[in-house]
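Next comes work.txt, a file with compact mmCIF, N, CA and C atoms and all ligand atoms.
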# COMPACT_ATOMS: atom_id res chain seq x y z
N MET A 20 0.83 -1.18 0.00
CA MET A 20 0.00 0.00 0.00
C MET A 20 0.88 1.24 0.00
N GLN A 21 0.27 2.36 -0.29
CA GLN A 21 1.02 3.61 -0.43
C GLN A 21 0.33 4.72 0.37
N PHE A 22 1.14 5.55 1.00
CA PHE A 22 0.63 6.78 1.62
C PHE A 22 1.63 7.88 1.35
N THR A 23 1.28 9.10 1.70
CA THR A 23 2.23 10.19 1.48
C THR A 23 2.67 10.78 2.81
N PHE A 24 3.92 11.20 2.85
CA PHE A 24 4.48 11.91 4.00
C PHE A 24 5.11 13.18 3.46
N ASP A 25 4.56 14.31 3.84
CA ASP A 25 5.00 15.60 3.31
C ASP A 25 5.10 15.57 1.78
N GLY A 26 4.14 14.89 1.17
CA GLY A 26 4.06 14.85 -0.29
C GLY A 26 4.88 13.77 -0.96
N HIS A 27 5.66 13.01 -0.19
CA HIS A 27 6.47 11.93 -0.75
C HIS A 27 5.72 10.61 -0.63
N GLN A 28 5.71 9.82 -1.70
CA GLN A 28 5.07 8.51 -1.67
C GLN A 28 5.91 7.54 -0.83
N ILE A 29 5.24 6.85 0.10
CA ILE A 29 5.90 5.89 0.97
C ILE A 29 5.17 4.55 0.82
N GLY A 30 5.93 3.49 0.65
CA GLY A 30 5.34 2.15 0.58
C GLY A 30 5.26 1.55 1.97
N ALA A 31 4.24 0.73 2.20
CA ALA A 31 4.06 0.11 3.52
C ALA A 31 3.43 -1.26 3.36
N PHE A 32 3.63 -2.10 4.36
CA PHE A 32 3.00 -3.41 4.40
C PHE A 32 1.68 -3.33 5.18
N ARG A 33 0.76 -4.20 4.87
CA ARG A 33 -0.51 -4.26 5.61
C ARG A 33 -0.21 -4.50 7.09
N GLY A 34 -0.84 -3.74 7.95
CA GLY A 34 -0.67 -3.88 9.39
C GLY A 34 0.52 -3.13 9.97
N GLU A 35 1.34 -2.55 9.11
CA GLU A 35 2.51 -1.81 9.58
C GLU A 35 2.08 -0.44 10.11
N THR A 36 2.79 0.06 11.12
CA THR A 36 2.49 1.41 11.59
C THR A 36 3.19 2.42 10.70
N ALA A 37 2.64 3.63 10.72
CA ALA A 37 3.26 4.71 9.93
C ALA A 37 4.68 4.96 10.41
N ALA A 38 4.91 4.90 11.71
CA ALA A 38 6.26 5.14 12.24
C ALA A 38 7.25 4.11 11.69
N ALA A 39 6.84 2.85 11.66
CA ALA A 39 7.72 1.79 11.16
C ALA A 39 7.98 1.95 9.67
N ALA A 40 6.93 2.26 8.91
CA ALA A 40 7.10 2.44 7.46
C ALA A 40 8.00 3.64 7.16
N LEU A 41 7.82 4.72 7.92
CA LEU A 41 8.66 5.90 7.70
C LEU A 41 10.10 5.63 8.11
N PHE A 42 10.30 4.92 9.20
CA PHE A 42 11.66 4.56 9.63
C PHE A 42 12.33 3.71 8.55
N ALA A 43 11.60 2.73 8.02
CA ALA A 43 12.15 1.86 6.97
C ALA A 43 12.48 2.64 5.71
N ALA A 44 11.73 3.72 5.48
CA ALA A 44 11.97 4.55 4.29
C ALA A 44 13.07 5.58 4.53
N GLY A 45 13.62 5.61 5.74
CA GLY A 45 14.75 6.50 6.02
C GLY A 45 14.40 7.79 6.73
N TYR A 46 13.13 7.96 7.07
CA TYR A 46 12.73 9.18 7.77
C TYR A 46 12.91 9.00 9.27
N ARG A 47 13.73 9.85 9.88
CA ARG A 47 13.95 9.80 11.32
C ARG A 47 13.27 10.98 12.02
N THR A 48 13.11 12.08 11.33
CA THR A 48 12.47 13.25 11.90
C THR A 48 10.99 13.25 11.52
N LEU A 49 10.12 13.19 12.52
CA LEU A 49 8.67 13.17 12.27
C LEU A 49 8.02 14.48 12.67
N ARG A 50 8.71 15.27 13.45
CA ARG A 50 8.19 16.59 13.84
C ARG A 50 9.36 17.44 14.29
N GLU A 51 9.07 18.73 14.46
CA GLU A 51 10.02 19.67 15.04
C GLU A 51 9.45 20.15 16.36
N SER A 52 10.28 20.27 17.38
CA SER A 52 9.76 20.79 18.64
C SER A 52 9.41 22.26 18.45
N PRO A 53 8.30 22.73 19.04
CA PRO A 53 7.82 24.07 18.74
C PRO A 53 8.71 25.19 19.27
N GLN A 54 9.46 24.98 20.35
CA GLN A 54 10.25 26.06 20.91
C GLN A 54 11.66 26.09 20.37
N ALA A 55 12.30 24.94 20.26
CA ALA A 55 13.70 24.90 19.85
C ALA A 55 13.87 24.49 18.39
N ASN A 56 12.78 24.16 17.71
CA ASN A 56 12.85 23.65 16.34
C ASN A 56 13.80 22.46 16.23
N ALA A 57 13.87 21.68 17.30
CA ALA A 57 14.74 20.51 17.29
C ALA A 57 14.02 19.32 16.67
N SER A 58 14.74 18.48 15.98
CA SER A 58 14.17 17.31 15.33
C SER A 58 13.72 16.30 16.37
N ARG A 59 12.55 15.73 16.14
CA ARG A 59 12.02 14.70 17.02
C ARG A 59 11.55 13.53 16.17
N GLY A 60 11.65 12.33 16.75
CA GLY A 60 11.20 11.13 16.04
C GLY A 60 10.77 10.09 17.03
N ALA A 61 10.43 8.92 16.53
CA ALA A 61 9.93 7.85 17.38
C ALA A 61 10.97 7.50 18.46
N PHE A 62 10.46 7.30 19.69
CA PHE A 62 11.33 6.98 20.82
C PHE A 62 10.84 5.73 21.53
N CYS A 63 9.60 5.76 22.02
CA CYS A 63 9.10 4.61 22.79
C CYS A 63 8.45 3.55 21.89
N TRP A 64 7.93 3.93 20.76
CA TRP A 64 7.29 3.04 19.78
C TRP A 64 6.02 2.38 20.32
N MET A 65 5.41 2.95 21.37
CA MET A 65 4.18 2.34 21.88
C MET A 65 3.17 3.37 22.36
N GLY A 66 3.24 4.59 21.85
CA GLY A 66 2.20 5.57 22.11
C GLY A 66 2.31 6.33 23.41
N LEU A 67 3.42 6.26 24.09
CA LEU A 67 3.54 6.92 25.39
C LEU A 67 4.23 8.28 25.34
N CYS A 68 5.28 8.41 24.56
CA CYS A 68 6.09 9.63 24.63
C CYS A 68 5.57 10.78 23.76
N GLN A 69 4.80 10.48 22.76
CA GLN A 69 4.24 11.47 21.82
C GLN A 69 5.31 12.15 20.96
N GLU A 70 6.53 11.65 20.99
CA GLU A 70 7.60 12.26 20.18
C GLU A 70 7.37 12.07 18.68
N CYS A 71 6.55 11.10 18.32
CA CYS A 71 6.34 10.79 16.91
C CYS A 71 5.05 11.42 16.37
N THR A 72 4.51 12.41 17.07
CA THR A 72 3.23 13.00 16.66
C THR A 72 3.32 13.62 15.27
N VAL A 73 2.42 13.20 14.42
CA VAL A 73 2.32 13.71 13.05
C VAL A 73 0.86 14.13 12.82
N VAL A 74 0.59 14.64 11.65
CA VAL A 74 -0.78 15.01 11.29
C VAL A 74 -1.26 14.01 10.24
N VAL A 75 -2.27 13.22 10.61
CA VAL A 75 -2.78 12.17 9.73
C VAL A 75 -4.17 12.57 9.25
N ASP A 76 -4.29 12.82 7.97
CA ASP A 76 -5.56 13.29 7.40
C ASP A 76 -6.15 14.42 8.23
N GLY A 77 -5.28 15.34 8.65
CA GLY A 77 -5.72 16.54 9.36
C GLY A 77 -5.84 16.41 10.86
N VAL A 78 -5.53 15.23 11.40
CA VAL A 78 -5.68 15.01 12.85
C VAL A 78 -4.32 14.63 13.43
N ARG A 79 -3.93 15.31 14.54
CA ARG A 79 -2.66 14.97 15.19
C ARG A 79 -2.78 13.63 15.90
N GLN A 80 -1.83 12.76 15.67
CA GLN A 80 -1.80 11.48 16.37
C GLN A 80 -0.41 10.88 16.26
N PRO A 81 -0.07 9.97 17.18
CA PRO A 81 1.26 9.36 17.14
C PRO A 81 1.40 8.44 15.93
N ALA A 82 2.49 8.57 15.22
CA ALA A 82 2.73 7.72 14.04
C ALA A 82 2.87 6.26 14.44
N CYS A 83 3.35 6.01 15.69
CA CYS A 83 3.54 4.62 16.12
C CYS A 83 2.22 3.95 16.47
N ARG A 84 1.14 4.72 16.52
CA ARG A 84 -0.19 4.17 16.80
C ARG A 84 -1.11 4.32 15.58
N THR A 85 -0.52 4.59 14.42
CA THR A 85 -1.29 4.80 13.20
C THR A 85 -1.03 3.65 12.25
N GLU A 86 -2.05 2.87 11.97
CA GLU A 86 -1.89 1.77 11.02
C GLU A 86 -1.97 2.31 9.61
N CYS A 87 -1.05 1.91 8.78
CA CYS A 87 -1.00 2.39 7.40
C CYS A 87 -2.23 1.93 6.62
N ARG A 88 -2.73 2.84 5.79
CA ARG A 88 -3.80 2.53 4.84
C ARG A 88 -3.45 3.21 3.53
N ASP A 89 -3.95 2.64 2.45
CA ASP A 89 -3.77 3.27 1.16
C ASP A 89 -4.35 4.67 1.18
N GLY A 90 -3.58 5.62 0.67
CA GLY A 90 -4.08 6.98 0.49
C GLY A 90 -3.99 7.88 1.70
N LEU A 91 -3.45 7.39 2.82
CA LEU A 91 -3.27 8.28 3.98
C LEU A 91 -2.41 9.46 3.58
N VAL A 92 -2.75 10.62 4.12
CA VAL A 92 -1.94 11.82 3.91
C VAL A 92 -1.37 12.20 5.27
N ILE A 93 -0.07 12.06 5.42
CA ILE A 93 0.59 12.34 6.69
C ILE A 93 1.55 13.50 6.49
N GLN A 94 1.51 14.42 7.44
CA GLN A 94 2.42 15.56 7.41
C GLN A 94 3.24 15.59 8.69
N ARG A 95 4.43 16.15 8.57
CA ARG A 95 5.30 16.30 9.73
C ARG A 95 4.57 17.11 10.80
N GLY A 96 4.72 16.69 12.05
CA GLY A 96 4.06 17.40 13.14
C GLY A 96 4.83 18.62 13.57
N THR A 97 4.16 19.53 14.26
CA THR A 97 4.82 20.74 14.74
C THR A 97 4.72 20.89 16.25
N ILE A 98 4.11 19.92 16.92
CA ILE A 98 4.02 19.97 18.38
C ILE A 98 4.61 18.71 18.96
S1 LIG B 101 7.26 6.78 19.60
FE1 LIG B 101 6.48 7.35 21.53
S2 LIG B 101 4.43 7.84 21.11
FE2 LIG B 101 5.18 7.16 19.23

Spit out the file's structure as structure tokens when you get a sec.
Amino acid sequence: MQFTFDGHQIGAFRGETAAAALFAAGYRTLRESPQANASRGAFCWMGLCQECTVVVDGVRQPACRTECRDGLVIQRGTI
């Protein structure tokens, strides 16, 4: 299946999380911290730290808790 991340096509396997698919595709930065503009990415991989927060079809949610679907539109998070 395919989804987009900041406009780039990303391939994923059925049942894979967005965080895992993005990591496999080479993306380590999933958001920028709002105060320091520091790069943030997946840390706990189980929905606790919120470091992987992205915008999925207009809604903020952790990439590690987002199951990939065809046509998802994911954008880098800002919080
Ligand atoms: S990596 Fe911690 S919430 Fe996603």

Practice problem: Per DSSP on the backbone, filter segment 22-98 of chain A down to the residues in strand (DSSP E) and report them as JSON, numbers by chain. | Solution: {"A": [22, 23, 24, 27, 28, 29, 30, 50, 51, 58, 59, 72, 73, 74, 75, 78, 79, 80, 81, 92, 93, 94, 95]}

Save the residues we just selected, N, CA and C atoms, as a PDB file, keeping the file's coordinate frame?
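result_19.pdb was written with the following content:
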ATOM      1  N   PHE A  22       1.140   5.550   1.000  1.00  0.00           N
ATOM      2  CA  PHE A  22       0.630   6.780   1.620  1.00  0.00           C
ATOM      3  C   PHE A  22       1.630   7.880   1.350  1.00  0.00           C
ATOM      4  N   THR A  23       1.280   9.100   1.700  1.00  0.00           N
ATOM      5  CA  THR A  23       2.230  10.190   1.480  1.00  0.00           C
ATOM      6  C   THR A  23       2.670  10.780   2.810  1.00  0.00           C
ATOM      7  N   PHE A  24       3.920  11.200   2.850  1.00  0.00           N
ATOM      8  CA  PHE A  24       4.480  11.910   4.000  1.00  0.00           C
ATOM      9  C   PHE A  24       5.110  13.180   3.460  1.00  0.00           C
ATOM     10  N   HIS A  27       5.660  13.010  -0.190  1.00  0.00           N
ATOM     11  CA  HIS A  27       6.470  11.930  -0.750  1.00  0.00           C
ATOM     12  C   HIS A  27       5.720  10.610  -0.630  1.00  0.00           C
ATOM     13  N   GLN A  28       5.710   9.820  -1.700  1.00  0.00           N
ATOM     14  CA  GLN A  28       5.070   8.510  -1.670  1.00  0.00           C
ATOM     15  C   GLN A  28       5.910   7.540  -0.830  1.00  0.00           C
ATOM     16  N   ILE A  29       5.240   6.850   0.100  1.00  0.00           N
ATOM     17  CA  ILE A  29       5.900   5.890   0.970  1.00  0.00           C
ATOM     18  C   ILE A  29       5.170   4.550   0.820  1.00  0.00           C
ATOM     19  N   GLY A  30       5.930   3.490   0.650  1.00  0.00           N
ATOM     20  CA  GLY A  30       5.340   2.150   0.580  1.00  0.00           C
ATOM     21  C   GLY A  30       5.260   1.550   1.970  1.00  0.00           C
ATOM     22  N   ARG A  50       8.710  15.270  13.450  1.00  0.00           N
ATOM     23  CA  ARG A  50       8.190  16.590  13.840  1.00  0.00           C
ATOM     24  C   ARG A  50       9.360  17.440  14.290  1.00  0.00           C
ATOM     25  N   GLU A  51       9.070  18.730  14.460  1.00  0.00           N
ATOM     26  CA  GLU A  51      10.020  19.670  15.040  1.00  0.00           C
ATOM     27  C   GLU A  51       9.450  20.150  16.360  1.00  0.00           C
ATOM     28  N   SER A  58      14.740  18.480  15.980  1.00  0.00           N
ATOM     29  CA  SER A  58      14.170  17.310  15.330  1.00  0.00           C
ATOM     30  C   SER A  58      13.720  16.300  16.370  1.00  0.00           C
ATOM     31  N   ARG A  59      12.550  15.730  16.140  1.00  0.00           N
ATOM     32  CA  ARG A  59      12.020  14.700  17.020  1.00  0.00           C
ATOM     33  C   ARG A  59      11.550  13.530  16.170  1.00  0.00           C
ATOM     34  N   THR A  72       4.510  12.410  17.070  1.00  0.00           N
ATOM     35  CA  THR A  72       3.230  13.000  16.660  1.00  0.00           C
ATOM     36  C   THR A  72       3.320  13.620  15.270  1.00  0.00           C
ATOM     37  N   VAL A  73       2.420  13.200  14.420  1.00  0.00           N
ATOM     38  CA  VAL A  73       2.320  13.710  13.050  1.00  0.00           C
ATOM     39  C   VAL A  73       0.860  14.130  12.820  1.00  0.00           C
ATOM     40  N   VAL A  74       0.590  14.640  11.650  1.00  0.00           N
ATOM     41  CA  VAL A  74      -0.780  15.010  11.290  1.00  0.00           C
ATOM     42  C   VAL A  74      -1.260  14.010  10.240  1.00  0.00           C
ATOM     43  N   VAL A  75      -2.270  13.220  10.610  1.00  0.00           N
ATOM     44  CA  VAL A  75      -2.780  12.170   9.730  1.00  0.00           C
ATOM     45  C   VAL A  75      -4.170  12.570   9.250  1.00  0.00           C
ATOM     46  N   VAL A  78      -5.530  15.230  11.400  1.00  0.00           N
ATOM     47  CA  VAL A  78      -5.680  15.010  12.850  1.00  0.00           C
ATOM     48  C   VAL A  78      -4.320  14.630  13.430  1.00  0.00           C
ATOM     49  N   ARG A  79      -3.930  15.310  14.540  1.00  0.00           N
ATOM     50  CA  ARG A  79      -2.660  14.970  15.190  1.00  0.00           C
ATOM     51  C   ARG A  79      -2.780  13.630  15.900  1.00  0.00           C
ATOM     52  N   GLN A  80      -1.830  12.760  15.670  1.00  0.00           N
ATOM     53  CA  GLN A  80      -1.800  11.480  16.370  1.00  0.00           C
ATOM     54  C   GLN A  80      -0.410  10.880  16.260  1.00  0.00           C
ATOM     55  N   PRO A  81      -0.070   9.970  17.180  1.00  0.00           N
ATOM     56  CA  PRO A  81       1.260   9.360  17.140  1.00  0.00           C
ATOM     57  C   PRO A  81       1.400   8.440  15.930  1.00  0.00           C
ATOM     58  N   VAL A  92      -2.750  10.620   4.120  1.00  0.00           N
ATOM     59  CA  VAL A  92      -1.940  11.820   3.910  1.00  0.00           C
ATOM     60  C   VAL A  92      -1.370  12.200   5.270  1.00  0.00           C
ATOM     61  N   ILE A  93      -0.070  12.060   5.420  1.00  0.00           N
ATOM     62  CA  ILE A  93       0.590  12.340   6.690  1.00  0.00           C
ATOM     63  C   ILE A  93       1.550  13.500   6.490  1.00  0.00           C
ATOM     64  N   GLN A  94       1.510  14.420   7.440  1.00  0.00           N
ATOM     65  CA  GLN A  94       2.420  15.560   7.410  1.00  0.00           C
ATOM     66  C   GLN A  94       3.240  15.590   8.690  1.00  0.00           C
ATOM     67  N   ARG A  95       4.430  16.150   8.570  1.00  0.00           N
ATOM     68  CA  ARG A  95       5.300  16.300   9.730  1.00  0.00           C
ATOM     69  C   ARG A  95       4.570  17.110  10.800  1.00  0.00           C
TER      70      ARG A  95
END

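Separating atom CA of Cys83 of chain A from atom CA of Ser52 of chain A is a distance of 17.5 Å.
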
Exercise. Kindly compile the residues surrounding ligand LIG 101 (chain B) within 8 Å, counting only N, CA and C atoms and all ligand atoms, and format them as a PyMOL selection string.
Key: chain A and resi 38+60-72+80-85

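Checking A:Thr36, A:Thr48, A:Asn56, A:Thr23 one by one against Glu86 of chain A, counting all atoms listed in the file, you find the shortest gap at A:Thr36.
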
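Atom CA of Ala55 of chain A lies 24.5 Å from atom C of Val92 of chain A.
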
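With only C-alpha atoms as the basis for measurement, A:Cys87 is the residue among A:Ala43, A:Val75, A:Leu49, A:Cys87 that approaches Met20 of chain A most closely.
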
Around all the atoms of segment 58-63 of chain A listed in the file, draw an axis-aligned box and extend it by 6 Å on each of the six sides; I want its centre and edge lengths in Å to one decimal, as lines of an AutoDock Vina configuration file.
center_x = 11.6
center_y = 11.0
center_z = 19.1
size_x = 18.3
size_y = 26.9
size_z = 19.5

Quiz item: Hey, what's within 6.5 Å of Phe22 of chain A if we count only N, CA and C atoms and toss same-chain stuff fewer than 3 positions away? As a VMD selection string, please?
Solution: chain A and resid 27 to 31 88 to 93

Quiz item: Could you pull out the helix (DSSP H, G or I) residues of chain A from DSSP and send them as an MDAnalysis selection string?
Solution: chainID A and resid 37:43 82:84

Self-check item: Separation of atom C of Pro53 of chain A from atom N of Asp76 of chain A in Å
Solution: 21.2 Å

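Candidate residues A:Gly26, A:Gly96, A:Gly77, A:Gly34 were compared for distance to Arg50 of chain A, and the nearest is A:Gly96, using all atoms listed in the file.
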